[in-house]
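Participant: Dropping in model.pdb, which is PDB, C-alpha atoms and all ligand atoms:
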```pdb
ATOM      1  CA  MET A   1      -2.690  23.974   1.071
ATOM      2  CA  SER A   2      -2.891  20.617   2.746
ATOM      3  CA  GLU A   3      -1.865  20.195   6.328
ATOM      4  CA  LEU A   4       1.669  19.214   7.176
ATOM      5  CA  LYS A   5       2.110  15.928   8.946
ATOM      6  CA  TYR A   6       5.023  14.292  10.645
ATOM      7  CA  CYS A   7       6.873  11.241   9.422
ATOM      8  CA  GLN A   8       6.001   8.367  11.745
ATOM      9  CA  GLY A   9       9.496   6.889  11.671
ATOM     10  CA  PRO A  10      10.610   6.447  15.291
ATOM     11  CA  ASP A  11      14.193   7.427  14.436
ATOM     12  CA  CYS A  12      13.539  10.021  11.726
ATOM     13  CA  HIS A  13      15.022  12.794  13.887
ATOM     14  CA  THR A  14      18.277  10.881  14.366
ATOM     15  CA  TYR A  15      19.240  10.970  10.690
ATOM     16  CA  GLN A  16      21.417  14.009  10.271
ATOM     17  CA  THR A  17      20.399  15.566   6.975
ATOM     18  CA  GLN A  18      20.384  19.272   6.235
ATOM     19  CA  ASP A  19      16.590  19.392   5.777
ATOM     20  CA  ARG A  20      16.039  17.954   9.278
ATOM     21  CA  LEU A  21      18.211  20.613  10.940
ATOM     22  CA  LYS A  22      15.829  23.303  12.173
ATOM     23  CA  GLY A  23      15.366  25.960  14.774
ATOM     24  CA  PRO A  24      16.755  29.387  15.611
ATOM     25  CA  LYS A  25      20.423  30.108  14.999
ATOM     26  CA  GLY A  26      22.610  28.725  17.761
ATOM     27  CA  ASN A  27      19.833  26.372  18.889
ATOM     28  CA  LYS A  28      19.257  24.117  15.921
ATOM     29  CA  THR A  29      18.215  20.496  16.364
ATOM     30  CA  TYR A  30      17.631  17.593  14.031
ATOM     31  CA  GLN A  31      13.869  17.129  13.850
ATOM     32  CA  THR A  32      11.349  14.651  12.530
ATOM     33  CA  ARG A  33      10.523  15.446   8.907
ATOM     34  CA  ARG A  34       7.231  17.216   8.301
ATOM     35  CA  ARG A  35       5.598  17.308   4.886
ATOM     36  CA  SER A  36       2.276  17.859   3.155
ATOM     37  CA  SER A  37       2.601  14.499   1.442
ATOM     38  CA  MET A  38       4.822  11.468   1.838
ATOM     39  CA  TYR A  39       5.125   8.554  -0.519
ATOM     40  CA  TYR A  40       5.975   5.607   1.711
ATOM     41  CA  GLY A  41       3.804   3.412   3.898
ATOM     42  CA  ASN A  42       0.426   4.840   2.795
ATOM     43  CA  GLY A  43       1.726   8.374   3.193
ATOM     44  CA  ASN A  44       3.024   7.931   6.741
ATOM     45  CA  PHE A  45       6.774   7.850   6.185
ATOM     46  CA  CYS A  46       9.270  10.182   4.521
ATOM     47  CA  ASP A  47      11.374   7.364   3.110
ATOM     48  CA  MET A  48      11.889   3.612   3.040
ATOM     49  CA  ARG A  49      14.312   3.697   5.963
ATOM     50  CA  CYS A  50      11.740   5.331   8.263
ATOM     51  CA  GLN A  51       9.081   2.855   7.095
ATOM     52  CA  ASN A  52      11.427  -0.049   7.849
ATOM     53  CA  ASP A  53      12.349   1.436  11.236
ATOM     54  CA  TRP A  54       8.680   1.558  12.174
ATOM     55  CA  PHE A  55       8.047  -2.014  11.100
ATOM     56  CA  TYR A  56      11.164  -3.247  12.896
ATOM     57  CA  LYS A  57       9.956  -1.597  16.115
ATOM     58  CA  TYR A  58       6.177  -2.140  15.886
ATOM     59  CA  GLY A  59       5.536  -4.756  13.172
ATOM     60  CA  THR A  60       5.120  -7.754  15.439
ATOM     61  CA  GLN A  61       2.756  -5.834  17.731
ATOM     62  CA  ALA A  62       0.770  -4.709  14.685
ATOM     63  CA  VAL A  63       0.448  -8.245  13.305
ATOM     64  CA  ASN A  64      -0.676  -9.515  16.691
ATOM     65  CA  HIS A  65      -3.108  -6.634  17.089
ATOM     66  CA  PHE A  66      -4.809  -7.002  13.711
ATOM     67  CA  GLY A  67      -4.794 -10.785  13.693
ATOM     68  CA  ARG A  68      -1.950 -13.186  13.138
ATOM     69  CA  LEU A  69      -2.518 -15.943  10.611
ATOM     70  CA  THR A  70      -2.555 -19.246  12.428
ATOM     71  CA  GLU A  71      -3.371 -21.472   9.488
ATOM     72  CA  ALA A  72      -2.780 -21.419   5.762
ATOM     73  CA  LYS A  73      -5.196 -19.515   3.568
ATOM     74  CA  HIS A  74      -6.384 -21.393   0.485
ATOM     75  CA  LEU A  75      -6.892 -20.220  -3.071
ATOM     76  CA  THR A  76      -9.986 -22.065  -4.276
ATOM     77  CA  GLU A  77     -12.252 -21.779  -7.306
ATOM     78  CA  ASP A  78     -14.548 -19.522  -5.249
ATOM     79  CA  ASN A  79     -11.938 -16.878  -4.514
ATOM     80  CA  ALA A  80      -9.622 -17.204  -7.524
ATOM     81  CA  TRP A  81     -11.343 -14.571  -9.665
ATOM     82  CA  THR A  82      -9.066 -11.799 -10.812
ATOM     83  CA  LYS A  83      -9.797  -8.721 -12.888
ATOM     84  CA  ASP A  84      -7.919  -8.423 -16.138
ATOM     85  CA  TYR A  85      -8.236  -6.990 -19.598
ATOM     86  CA  ASP A  86      -7.279  -7.913 -23.141
ATOM     87  CA  TRP A  87      -7.092  -5.794 -26.269
ATOM     88  CA  ASN A  88      -9.483  -6.324 -29.142
ATOM     89  CA  SER A  89      -8.657  -5.770 -32.821
ATOM     90  CA  ASN A  90      -9.619  -2.083 -32.516
ATOM     91  CA  ASP A  91      -7.084  -1.592 -29.708
ATOM     92  CA  ASP A  92      -9.900  -1.229 -27.168
ATOM     93  CA  ARG A  93      -9.664  -2.771 -23.766
ATOM     94  CA  VAL A  94     -11.963  -5.725 -23.176
ATOM     95  CA  TYR A  95     -12.419  -6.290 -19.456
ATOM     96  CA  VAL A  96     -12.748  -9.831 -18.132
ATOM     97  CA  TYR A  97     -12.958 -11.721 -14.893
ATOM     98  CA  ARG A  98     -10.548 -14.634 -15.089
ATOM     99  CA  ASN A  99     -10.508 -17.567 -12.694
ATOM    100  CA  ARG A 100      -6.909 -18.457 -11.895
ATOM    101  CA  ILE A 101      -7.822 -22.076 -11.147
ATOM    102  CA  THR A 102     -10.496 -23.055 -13.655
ATOM    103  CA  LYS A 103      -9.302 -20.551 -16.323
ATOM    104  CA  GLU A 104     -12.983 -19.651 -16.867
ATOM    105  CA  GLN A 105     -13.585 -16.106 -18.137
ATOM    106  CA  ARG A 106     -16.608 -13.904 -17.523
ATOM    107  CA  PRO A 107     -17.369 -10.474 -18.963
ATOM    108  CA  LEU A 108     -16.699  -7.425 -16.841
ATOM    109  CA  THR A 109     -17.619  -3.806 -17.429
ATOM    110  CA  GLU A 110     -15.068  -1.024 -17.179
ATOM    111  CA  ALA A 111     -16.969   0.388 -14.174
ATOM    112  CA  GLN A 112     -16.806  -2.989 -12.414
ATOM    113  CA  TYR A 113     -13.109  -3.235 -13.252
ATOM    114  CA  ASN A 114     -12.442   0.172 -11.668
ATOM    115  CA  ASP A 115     -14.679  -0.426  -8.645
ATOM    116  CA  THR A 116     -12.241  -1.791  -6.069
ATOM    117  CA  SER A 117     -15.104  -3.033  -3.876
ATOM    118  CA  TYR A 118     -16.734  -5.009  -6.694
ATOM    119  CA  THR A 119     -15.906  -8.706  -6.660
ATOM    120  CA  ILE A 120     -17.517 -12.028  -7.465
ATOM    121  CA  ASN A 121     -15.109 -13.805  -5.155
ATOM    122  CA  THR A 122     -16.716 -15.437  -2.170
ATOM    123  CA  GLY A 123     -14.441 -15.867   0.802
ATOM    124  CA  GLU A 124     -10.932 -14.482   1.174
TER     125      GLU A 124
HETATM  126 ZN    ZN B   1      11.212   9.974   8.351
END
```
Using the file provided, produce a representation of the structure as structure tokens.
Ligand SMILES: [Zn+2]
Facilitator:
Amino acid sequence: MSELKYCQGPDCHTYQTQDRLKGPKGNKTYQTRRRSSMYYGNGNFCDMRCQNDWFYKYGTQAVNHFGRLTEAKHLTEDNAWTKDYDWNSNDDRVYVYRNRITKEQRPLTEAQYNDTSYTINTGE
């Protein structure tokens, strides 16, 4: 049994749904949802509305905290590699690295394809 955690939506408790109404008879209150797993915002929010509420309230602070872009990023030949796969005549996947600018293709193993930290891109 995984631990229950609270939805991080700042207004979650203000949405009057039956599942949020909790407490002893005669003293029930609408409460922040608490679940073992949530599917929105990397598992931090019970629904899209709570995720949006959080971003509306804290998004600008978060962007400033983690680093606001102050100039355009550039897609260049060095960072345009993307993992992809084709199908061969036996219906097997053939993994490839494909450069979105030069259209060059390089072989890729299935393990490299699945390894999210593996890249041949240099730079962002
Ligand atoms: Zn919520």
Participant: Nearest to Arg93 of chain A: which of A:Thr109, A:Gln8, A:Thr119, A:Gln51 is it, counting only C-alpha atoms?
Facilitator: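 Once distances to Arg93 of chain A are computed over only C-alpha atoms, the minimum belongs to A:Thr109.
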Participant: Considering all atoms listed in the file, can you say which of A:Glu3, A:Asp53, A:Glu124, A:Asp84 comes closest to Ala72 of chain A?
Facilitator: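 Checking each of A:Glu3, A:Asp53, A:Glu124, A:Asp84 against Ala72 of chain A, counting all atoms listed in the file, the winner is A:Glu124.
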Participant: Let me have all residues with an atom within 10 Å of ligand ZN 1 (chain B), counting only C-alpha atoms and all ligand atoms, laid out as a PyMOL selection string.
Facilitator: chain A and resi 6-15+20+31-35+38+40+44-51+53-54
Participant: Determine the nearest neighbour of Val96 of chain A from the options A:Tyr30, A:Tyr39, A:Trp81, A:Tyr118, counting only C-alpha atoms.
Facilitator: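 Distance minimum relative to Val96 of chain A lands on A:Trp81.
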Participant: Given the file shown, enumerate the residues that the PyMOL selection byres (((chain A and resi 95) around 12) and not hetatm) captures and present them as a list in words.
Facilitator: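 This file, filtered by the PyMOL selection byres (((chain A and resi 95) around 12) and not hetatm), leaves Thr82, Lys83, Asp84, Tyr85, Asp86, Trp87, Asn88, Asp92, Arg93, Val94, Val96, Tyr97, Arg98, Gln105, Arg106, Pro107, Leu108, Thr109, Glu110, Ala111, Gln112, Tyr113 and Asn114 of chain A.
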Participant: Write out as number ranges by chain each polymer residue whose atoms come within 7 Å of segment 77-79 of chain A, counting only C-alpha atoms; drop sequence neighbours fewer than 3 positions from it.
Facilitator: A: 101-102, 121-124
Participant: Can you tell me how far atom CA of Thr116 of chain A sits from atom CA of Ala80 of chain A, in Å to one decimal?
Facilitator: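 Interatomic distance here is 15.7 Å.
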Participant: Would you mind reading off the distance between atom CA of Asn90 of chain A and atom CA of Glu104 of chain A, one decimal, in Å?
Facilitator: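 Separation of atom CA of Asn90 of chain A and atom CA of Glu104 of chain A: 23.8 Å.
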Participant: What gap, in Å, lies between atom CA of Gln16 of chain A and atom CA of Lys28 of chain A?
Facilitator: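 Computing the Euclidean distance for atom CA of Gln16 of chain A and atom CA of Lys28 of chain A yields 11.8 Å.
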Participant: Could you add the missing atoms to segment 68-79 of chain A, up to all heavy atoms, and return them as an mmCIF file, in the coordinates of the input?
Facilitator:
```cif
data_model
loop_
_atom_site.group_PDB
_atom_site.id
_atom_site.type_symbol
_atom_site.label_atom_id
_atom_site.label_comp_id
_atom_site.auth_asym_id
_atom_site.auth_seq_id
_atom_site.Cartn_x
_atom_site.Cartn_y
_atom_site.Cartn_z
ATOM 1 N N ARG A 68 -3.017 -12.369 13.711
ATOM 2 C CA ARG A 68 -1.950 -13.186 13.138
ATOM 3 C C ARG A 68 -2.570 -14.392 12.446
ATOM 4 O O ARG A 68 -3.497 -15.009 12.967
ATOM 5 C CB ARG A 68 -1.027 -13.630 14.277
ATOM 6 C CG ARG A 68 0.063 -14.593 13.899
ATOM 7 C CD ARG A 68 0.995 -14.808 15.083
ATOM 8 N NE ARG A 68 1.725 -13.567 15.402
ATOM 9 C CZ ARG A 68 2.852 -13.207 14.775
ATOM 10 N NH1 ARG A 68 3.373 -13.962 13.852
ATOM 11 N NH2 ARG A 68 3.444 -12.084 15.108
ATOM 12 N N LEU A 69 -2.076 -14.716 11.279
ATOM 13 C CA LEU A 69 -2.518 -15.943 10.611
ATOM 14 C C LEU A 69 -2.041 -17.127 11.424
ATOM 15 O O LEU A 69 -0.889 -17.186 11.827
ATOM 16 C CB LEU A 69 -1.903 -16.048 9.205
ATOM 17 C CG LEU A 69 -2.555 -15.335 8.049
ATOM 18 C CD1 LEU A 69 -1.896 -15.775 6.744
ATOM 19 C CD2 LEU A 69 -4.038 -15.616 7.989
ATOM 20 N N THR A 70 -2.943 -18.061 11.675
ATOM 21 C CA THR A 70 -2.555 -19.246 12.428
ATOM 22 C C THR A 70 -2.760 -20.505 11.609
ATOM 23 O O THR A 70 -2.489 -21.610 12.081
ATOM 24 C CB THR A 70 -3.368 -19.359 13.744
ATOM 25 O OG1 THR A 70 -4.765 -19.336 13.400
ATOM 26 C CG2 THR A 70 -3.035 -18.215 14.684
ATOM 27 N N GLU A 71 -3.258 -20.334 10.405
ATOM 28 C CA GLU A 71 -3.371 -21.472 9.488
ATOM 29 C C GLU A 71 -3.282 -20.938 8.064
ATOM 30 O O GLU A 71 -3.500 -19.748 7.831
ATOM 31 C CB GLU A 71 -4.686 -22.223 9.707
ATOM 32 C CG GLU A 71 -5.907 -21.358 9.582
ATOM 33 C CD GLU A 71 -7.188 -22.096 9.995
ATOM 34 O OE1 GLU A 71 -7.120 -22.906 10.946
ATOM 35 O OE2 GLU A 71 -8.217 -21.853 9.344
ATOM 36 N N ALA A 72 -2.966 -21.840 7.146
ATOM 37 C CA ALA A 72 -2.780 -21.419 5.762
ATOM 38 C C ALA A 72 -4.094 -20.945 5.169
ATOM 39 O O ALA A 72 -5.157 -21.509 5.445
ATOM 40 C CB ALA A 72 -2.223 -22.580 4.938
ATOM 41 N N LYS A 73 -4.048 -19.900 4.364
ATOM 42 C CA LYS A 73 -5.196 -19.515 3.568
ATOM 43 C C LYS A 73 -5.158 -20.348 2.281
ATOM 44 O O LYS A 73 -4.088 -20.813 1.880
ATOM 45 C CB LYS A 73 -5.133 -18.018 3.228
ATOM 46 C CG LYS A 73 -5.240 -17.132 4.468
ATOM 47 C CD LYS A 73 -4.859 -15.706 4.173
ATOM 48 C CE LYS A 73 -6.088 -14.918 3.758
ATOM 49 N NZ LYS A 73 -5.801 -13.457 3.656
ATOM 50 N N HIS A 74 -6.324 -20.541 1.671
ATOM 51 C CA HIS A 74 -6.384 -21.393 0.485
ATOM 52 C C HIS A 74 -6.973 -20.632 -0.690
ATOM 53 O O HIS A 74 -8.016 -19.986 -0.553
ATOM 54 C CB HIS A 74 -7.263 -22.617 0.756
ATOM 55 C CG HIS A 74 -6.722 -23.506 1.832
ATOM 56 N ND1 HIS A 74 -6.010 -24.653 1.578
ATOM 57 C CD2 HIS A 74 -6.771 -23.392 3.185
ATOM 58 C CE1 HIS A 74 -5.641 -25.214 2.722
ATOM 59 N NE2 HIS A 74 -6.099 -24.464 3.718
ATOM 60 N N LEU A 75 -6.332 -20.734 -1.832
ATOM 61 C CA LEU A 75 -6.892 -20.220 -3.071
ATOM 62 C C LEU A 75 -7.756 -21.328 -3.667
ATOM 63 O O LEU A 75 -7.258 -22.405 -3.987
ATOM 64 C CB LEU A 75 -5.781 -19.827 -4.046
ATOM 65 C CG LEU A 75 -6.262 -19.146 -5.326
ATOM 66 C CD1 LEU A 75 -6.810 -17.757 -5.041
ATOM 67 C CD2 LEU A 75 -5.124 -19.056 -6.340
ATOM 68 N N THR A 76 -9.069 -21.072 -3.738
ATOM 69 C CA THR A 76 -9.986 -22.065 -4.276
ATOM 70 C C THR A 76 -10.710 -21.465 -5.480
ATOM 71 O O THR A 76 -10.575 -20.273 -5.768
ATOM 72 C CB THR A 76 -11.034 -22.463 -3.219
ATOM 73 O OG1 THR A 76 -11.855 -21.314 -2.941
ATOM 74 C CG2 THR A 76 -10.376 -22.940 -1.938
ATOM 75 N N GLU A 77 -11.498 -22.271 -6.146
ATOM 76 C CA GLU A 77 -12.252 -21.779 -7.306
ATOM 77 C C GLU A 77 -13.127 -20.588 -6.922
ATOM 78 O O GLU A 77 -13.372 -19.702 -7.733
ATOM 79 C CB GLU A 77 -13.145 -22.893 -7.874
ATOM 80 C CG GLU A 77 -12.366 -23.989 -8.552
ATOM 81 C CD GLU A 77 -13.266 -25.071 -9.125
ATOM 82 O OE1 GLU A 77 -14.457 -24.785 -9.367
ATOM 83 O OE2 GLU A 77 -12.779 -26.192 -9.314
ATOM 84 N N ASP A 78 -13.636 -20.576 -5.686
ATOM 85 C CA ASP A 78 -14.548 -19.522 -5.249
ATOM 86 C C ASP A 78 -13.883 -18.162 -5.041
ATOM 87 O O ASP A 78 -14.551 -17.132 -5.088
ATOM 88 C CB ASP A 78 -15.225 -19.925 -3.931
ATOM 89 C CG ASP A 78 -16.153 -21.101 -4.123
ATOM 90 O OD1 ASP A 78 -16.637 -21.280 -5.259
ATOM 91 O OD2 ASP A 78 -16.381 -21.829 -3.147
ATOM 92 N N ASN A 79 -12.594 -18.167 -4.772
ATOM 93 C CA ASN A 79 -11.938 -16.878 -4.514
ATOM 94 C C ASN A 79 -10.758 -16.634 -5.453
ATOM 95 O O ASN A 79 -9.884 -15.827 -5.145
ATOM 96 C CB ASN A 79 -11.513 -16.767 -3.049
ATOM 97 C CG ASN A 79 -10.460 -17.779 -2.651
ATOM 98 O OD1 ASN A 79 -9.909 -18.477 -3.495
ATOM 99 N ND2 ASN A 79 -10.165 -17.875 -1.374
#
```
